[in-house]
Structures are given as structure tokens and as C-alpha cells.
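Following: one structure in C-alpha cells, then a few remarks.
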Amino acid sequence: MDDQSTDGSCDFLLGEDSPYRNVIVVRSPSRLGVSGARNFGAAHSRGEILVFSDAHVEVPRGWTKQVVEALAEPAVGAVVPAVTGLDDPDSAQGYGMRFSNETLDVEWLGKTGEKPYPVPLMCGCFMAVRREVFDELNGFDRGMALWGSEDLELSLHLWLRGYECLVLPQVTIAHRFTEAFQYPVNWEPLYNRLRVAVVHLGAERCFRVLSHSQSDAHIGFAWDHLVSSDVWARRNAIRLARRHDDDWYFQRFESSS
């Protein structure tokens with residue numbers, strides 16, 4: 001999936017001489033951002049299992065078997081592997097994530113088991129989901145802007161809809177973490193966090209997120225943009241379809257959230 005890149009990073013996949021000529025490359029008609037690009041790519045795919053991967057990722061041999069087996073359970077909606085640094089393979093590994101403060105920042109979790117087990121949040125750098133579940137949720141939130149929290153939103157949406165999100169501790173992928181974005185990112189991460197709060201959290205938690213975000217320089221623009229969006233319609237639609245509320249979610253992960 002090429003979301004209007006300009007650096008030629010997809011060129012090696014194209015052409016009759018490419019060893020990857022069986023790979024289908026689709027290009028968005030305009031810049032869509034992470035959520036929009038992944039939805040666009042999913043719409044052009046054919047498999048029963050969708051795997052969303054960042055470009056700078058290395059995977060181990062045999063990873064697909066573990067993913068397919070875990071997703072064969074009807075209660076499981078999506079799975080993620082353990083994650084380590086591509087430039088430092090011996091660095092600490094992350095086994096899923098959890099919310100770390102009132103502004104919906106996150107932190108990595110350590111390993112707590114040898115077999116697949118539930119985690120509060122999945123990292124979006126590499127995740128697999130059954131197509132039927134992805135379609136049931138209408139994919140990633142189309143109202144998300146550019147980058148930020150799309151993986152948290154999908155994790156919450158899955159849990160509150162009644163599906164489990166699992167980490168596969170026996171599978172470790174290596175991801176290159178960069179210190180700076182290769183494109184401008186300004187108000188979008190805050191907007192997306194506020195959107196997650198308004199859509200999925202109750203009034204008290206939502207107010208705490210907004211209150212603790214007041215020091216962000218982009219709060220005014222992000223909030224104004226949010227309240228004039230489709231956020232209220234999405235909030236109402238999701239609440240009609242979900243099986244659990246945010247109180248259930250935080251009680252479910254009381255020891256890790």
C-alpha cells in the first residue's frame with residue numbers, strides 16, 4: 001500500500017524484472033494517513049486474514065502458522081507478536097501495550113506467559129486480524145487524521161465489541177523505531193487521542209483526558225476540529241453495537257492498565 005510516497009520506495013516492487021512481481025501495489029488517490037491507507041489496502045486485498053505491517057519490519061520464519069492458529073478461535077479478533085528493535089535485536093521486547101496515564105499515552109508490557117494471552121492494547125506496527133471481524137468493525141476509524149492512536153482505537157473497539165486481542169509471545173518481529181517523522185506531524189496525534197476518548201470512553205474518563213491535555217499547544221485546534229467532525233455519530237453507532245463499556249475494559253485489565 002503506497003500512500004502517495006514521493007521517494008521511490010515502492011519502485012523495487014514494480015516492473016517485469018522485479019522478483020516481487022506477484023506483489024500487488026496499490027496507490028491511494030490522495031494522502032489518506034495510516035487509518036485511511038490501511039482501509040484502502042484492505043479493500044484491495046483478497047485474503048481471509050489481513051496483516052498490517054509497517055515497511056521497516058523483519059519477521060521470523062514460520063510466523064504465519066502461529067498467527068493462523070491463534071485467529072482460528074472465534075473469540076479472537078486480532079493478534080500481535082512480540083516486538084523488538086530492528087537496529088538492536090538484543091534490546092528489551094514489548095508484549096502488547098497498556099495505557100500509562102490520563103492522556104492515553106501508552107507503555108510496553110513485559111512477557112507474562114509462553115502461550116498466546118490477552119493484552120489491553122496492540123501495537124500497530126504489525127498486527128493480524130480476521131477479515132470478517134475487520135469488516136464487522138468497518139475497519140480502522142476513517143475519521144482519524146494522518147497518524148496516531150489508530151492501533152489503540154482498533155484495540156478498544158475489538159475488546160468492547162466482544163473480541164479478544166492476543167499477543168503471541170512465541171513470535172518476535174523486529175521493528176525499526178525512528179526518532180523523528182519523515183513528514184510533518186502537528187495537531188493530528190492529539191486529535192486522534194481525543195477522538196478515541198470521545199468515541200469509546202465514558203463521560204468521566206473522557207473529561208479527564210481532555211483536562212490533562214490542556215497544556216498541549218494544539219488543544220484548541222484539535223478540539224474544534226473534533227467537535228465539528230462525525231465523532232458524535234460514530235460514538236452513538238459504536239455504543240449501540242458494543243457488548244461492553246469502558247468500565248468493563250479497565251476492570252478487565254486492572255492489573256495492567
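All residue names refer to the C-alpha cells as shown: chains lettered A, B, ... in order, residues numbered from 1 in each chain, ligands numbered from 1 in order.
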Quiz item: segment 213-229 of chain A: which residues within 8 Å, counting only C-alpha atoms, same-chain residues fewer than 4 positions away excluded, as a count of residues only?
Solution: 10
Quiz item: Could you pull out the strand (DSSP E or B) residues of segment 36-226 of chain A from DSSP and send them as a ChimeraX atom specification?
Solution: /A:49-53,57-58,76-85,94,97-99,106-108,117-118,121,126-130,164-175
Write the selection just made, keeping N, CA and C atoms, as a compact mmCIF listing (two decimals), in the first residue's frame?
```
# COMPACT_ATOMS: atom_id res chain seq x y z
N ILE A 49 -7.36 -13.50 6.19
CA ILE A 49 -6.65 -12.87 7.30
C ILE A 49 -5.88 -11.67 6.74
N LEU A 50 -6.03 -10.54 7.38
CA LEU A 50 -5.34 -9.32 6.98
C LEU A 50 -4.17 -9.08 7.94
N VAL A 51 -3.01 -8.81 7.39
CA VAL A 51 -1.83 -8.48 8.20
C VAL A 51 -1.40 -7.06 7.86
N PHE A 52 -1.39 -6.20 8.85
CA PHE A 52 -0.97 -4.81 8.66
C PHE A 52 0.44 -4.66 9.23
N SER A 53 1.37 -4.33 8.36
CA SER A 53 2.77 -4.24 8.76
C SER A 53 3.38 -2.93 8.31
N VAL A 57 10.12 -3.62 8.89
CA VAL A 57 9.89 -4.73 9.81
C VAL A 57 10.54 -6.00 9.26
N GLU A 58 11.14 -6.80 10.13
CA GLU A 58 11.64 -8.12 9.77
C GLU A 58 10.87 -9.16 10.58
N VAL A 76 -11.26 -14.71 19.19
CA VAL A 76 -10.07 -13.88 18.97
C VAL A 76 -10.29 -13.00 17.74
N GLY A 77 -10.16 -11.71 17.92
CA GLY A 77 -10.36 -10.79 16.81
C GLY A 77 -9.07 -10.42 16.10
N ALA A 78 -7.98 -10.25 16.88
CA ALA A 78 -6.71 -9.83 16.29
C ALA A 78 -5.56 -10.30 17.17
N VAL A 79 -4.38 -10.41 16.57
CA VAL A 79 -3.20 -10.84 17.31
C VAL A 79 -2.01 -9.99 16.90
N VAL A 80 -1.05 -9.88 17.82
CA VAL A 80 0.22 -9.20 17.54
C VAL A 80 1.36 -10.05 18.07
N PRO A 81 2.55 -9.90 17.50
CA PRO A 81 3.71 -10.61 18.00
C PRO A 81 4.40 -9.79 19.09
N ALA A 82 5.44 -10.35 19.68
CA ALA A 82 6.34 -9.56 20.50
C ALA A 82 7.14 -8.67 19.56
N VAL A 83 7.58 -7.51 20.05
CA VAL A 83 8.28 -6.54 19.21
C VAL A 83 9.62 -6.17 19.83
N THR A 84 10.65 -6.17 19.01
CA THR A 84 11.96 -5.72 19.45
C THR A 84 12.52 -4.73 18.44
N GLY A 85 13.64 -4.10 18.75
CA GLY A 85 14.22 -3.11 17.86
C GLY A 85 15.00 -3.73 16.73
N GLY A 94 8.74 -5.93 23.68
CA GLY A 94 7.43 -5.50 24.15
C GLY A 94 6.39 -6.53 23.80
N MET A 97 0.67 -3.62 24.82
CA MET A 97 0.80 -2.33 25.48
C MET A 97 -0.38 -2.08 26.43
N ARG A 98 -0.27 -1.00 27.20
CA ARG A 98 -1.36 -0.56 28.07
C ARG A 98 -1.34 0.96 28.15
N PHE A 99 -2.45 1.54 28.55
CA PHE A 99 -2.49 2.98 28.79
C PHE A 99 -1.66 3.29 30.03
N VAL A 106 0.84 5.48 26.08
CA VAL A 106 0.94 4.04 26.28
C VAL A 106 2.36 3.64 26.67
N GLU A 107 2.47 2.42 27.20
CA GLU A 107 3.77 1.85 27.51
C GLU A 107 3.75 0.37 27.19
N TRP A 108 4.94 -0.17 26.92
CA TRP A 108 5.05 -1.58 26.59
C TRP A 108 4.85 -2.46 27.82
N TYR A 117 -1.81 -14.88 24.90
CA TYR A 117 -2.63 -14.40 26.01
C TYR A 117 -3.13 -12.98 25.74
N PRO A 118 -4.21 -12.57 26.41
CA PRO A 118 -4.83 -11.27 26.14
C PRO A 118 -3.95 -10.10 26.59
N LEU A 121 -3.82 -3.55 24.74
CA LEU A 121 -3.66 -2.80 23.50
C LEU A 121 -2.64 -3.48 22.60
N PHE A 126 2.66 -4.10 13.57
CA PHE A 126 2.47 -5.41 12.95
C PHE A 126 1.30 -6.09 13.67
N MET A 127 0.20 -6.25 12.97
CA MET A 127 -0.96 -6.89 13.59
C MET A 127 -1.73 -7.68 12.53
N ALA A 128 -2.39 -8.73 12.99
CA ALA A 128 -3.19 -9.57 12.08
C ALA A 128 -4.60 -9.66 12.61
N VAL A 129 -5.58 -9.59 11.71
CA VAL A 129 -6.98 -9.61 12.09
C VAL A 129 -7.76 -10.41 11.05
N ARG A 130 -8.78 -11.14 11.50
CA ARG A 130 -9.63 -11.84 10.56
C ARG A 130 -10.44 -10.85 9.74
N GLU A 164 -11.30 -10.71 21.57
CA GLU A 164 -10.06 -10.67 22.32
C GLU A 164 -8.91 -10.22 21.42
N CYS A 165 -7.96 -9.51 22.02
CA CYS A 165 -6.72 -9.13 21.36
C CYS A 165 -5.59 -9.88 22.06
N LEU A 166 -4.84 -10.68 21.33
CA LEU A 166 -3.82 -11.52 21.93
C LEU A 166 -2.42 -11.13 21.47
N VAL A 167 -1.44 -11.37 22.34
CA VAL A 167 -0.04 -11.30 21.94
C VAL A 167 0.46 -12.73 21.78
N LEU A 168 1.31 -12.94 20.78
CA LEU A 168 1.90 -14.25 20.52
C LEU A 168 3.35 -14.22 21.00
N PRO A 169 3.62 -14.63 22.23
CA PRO A 169 4.98 -14.50 22.78
C PRO A 169 6.01 -15.36 22.07
N GLN A 170 5.56 -16.36 21.34
CA GLN A 170 6.49 -17.24 20.64
C GLN A 170 6.93 -16.68 19.28
N VAL A 171 6.36 -15.53 18.89
CA VAL A 171 6.73 -14.88 17.62
C VAL A 171 7.27 -13.49 17.94
N THR A 172 8.47 -13.19 17.49
CA THR A 172 9.07 -11.87 17.71
C THR A 172 9.43 -11.24 16.37
N ILE A 173 8.93 -10.04 16.12
CA ILE A 173 9.32 -9.31 14.92
C ILE A 173 10.23 -8.16 15.33
N ALA A 174 11.07 -7.73 14.40
CA ALA A 174 11.98 -6.61 14.66
C ALA A 174 11.48 -5.38 13.89
N HIS A 175 11.37 -4.27 14.58
CA HIS A 175 10.81 -3.04 14.01
C HIS A 175 11.82 -1.91 14.16
```
How close does each residue of segment 177-207 of chain A get to segment 32-44 of chain A, giving the shortest atom pair and distance in Å to one decimal for every residue with an atom at most 12 Å away, counting only C-alpha atoms, sorted by chain and residue number, as CSV?
```
residue,atom,partner,partner_atom,distance
A:Tyr183,CA,A:Gly33,CA,11.0
A:Pro184,CA,A:Gly33,CA,11.7
A:Val185,CA,A:Gly33,CA,10.8
A:Glu188,CA,A:Gly33,CA,10.1
A:Pro189,CA,A:Val34,CA,11.6
A:Asn192,CA,A:Ser35,CA,10.7
```
Written file, previous selection with C-alpha atoms, as a PDB file, in the first residue's frame:
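Writing done, so here's again.pdb:
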```pdb
ATOM      1  CA  TYR A 183       6.705  14.026   7.278  1.00  0.00           C
ATOM      2  CA  PRO A 184       5.101  16.873   9.271  1.00  0.00           C
ATOM      3  CA  VAL A 185       3.029  15.770  12.287  1.00  0.00           C
ATOM      4  CA  GLU A 188      -3.070  15.070  14.471  1.00  0.00           C
ATOM      5  CA  PRO A 189      -1.852  12.834  17.354  1.00  0.00           C
ATOM      6  CA  ASN A 192      -6.783  11.206  17.401  1.00  0.00           C
TER       7      ASN A 192
END
```
Self-check item: Residues near Ala237 of chain A, cut-off 12 Å, only C-alpha atoms, skip fewer than 4 positions along chain, as a count of residues only
Solution: 12
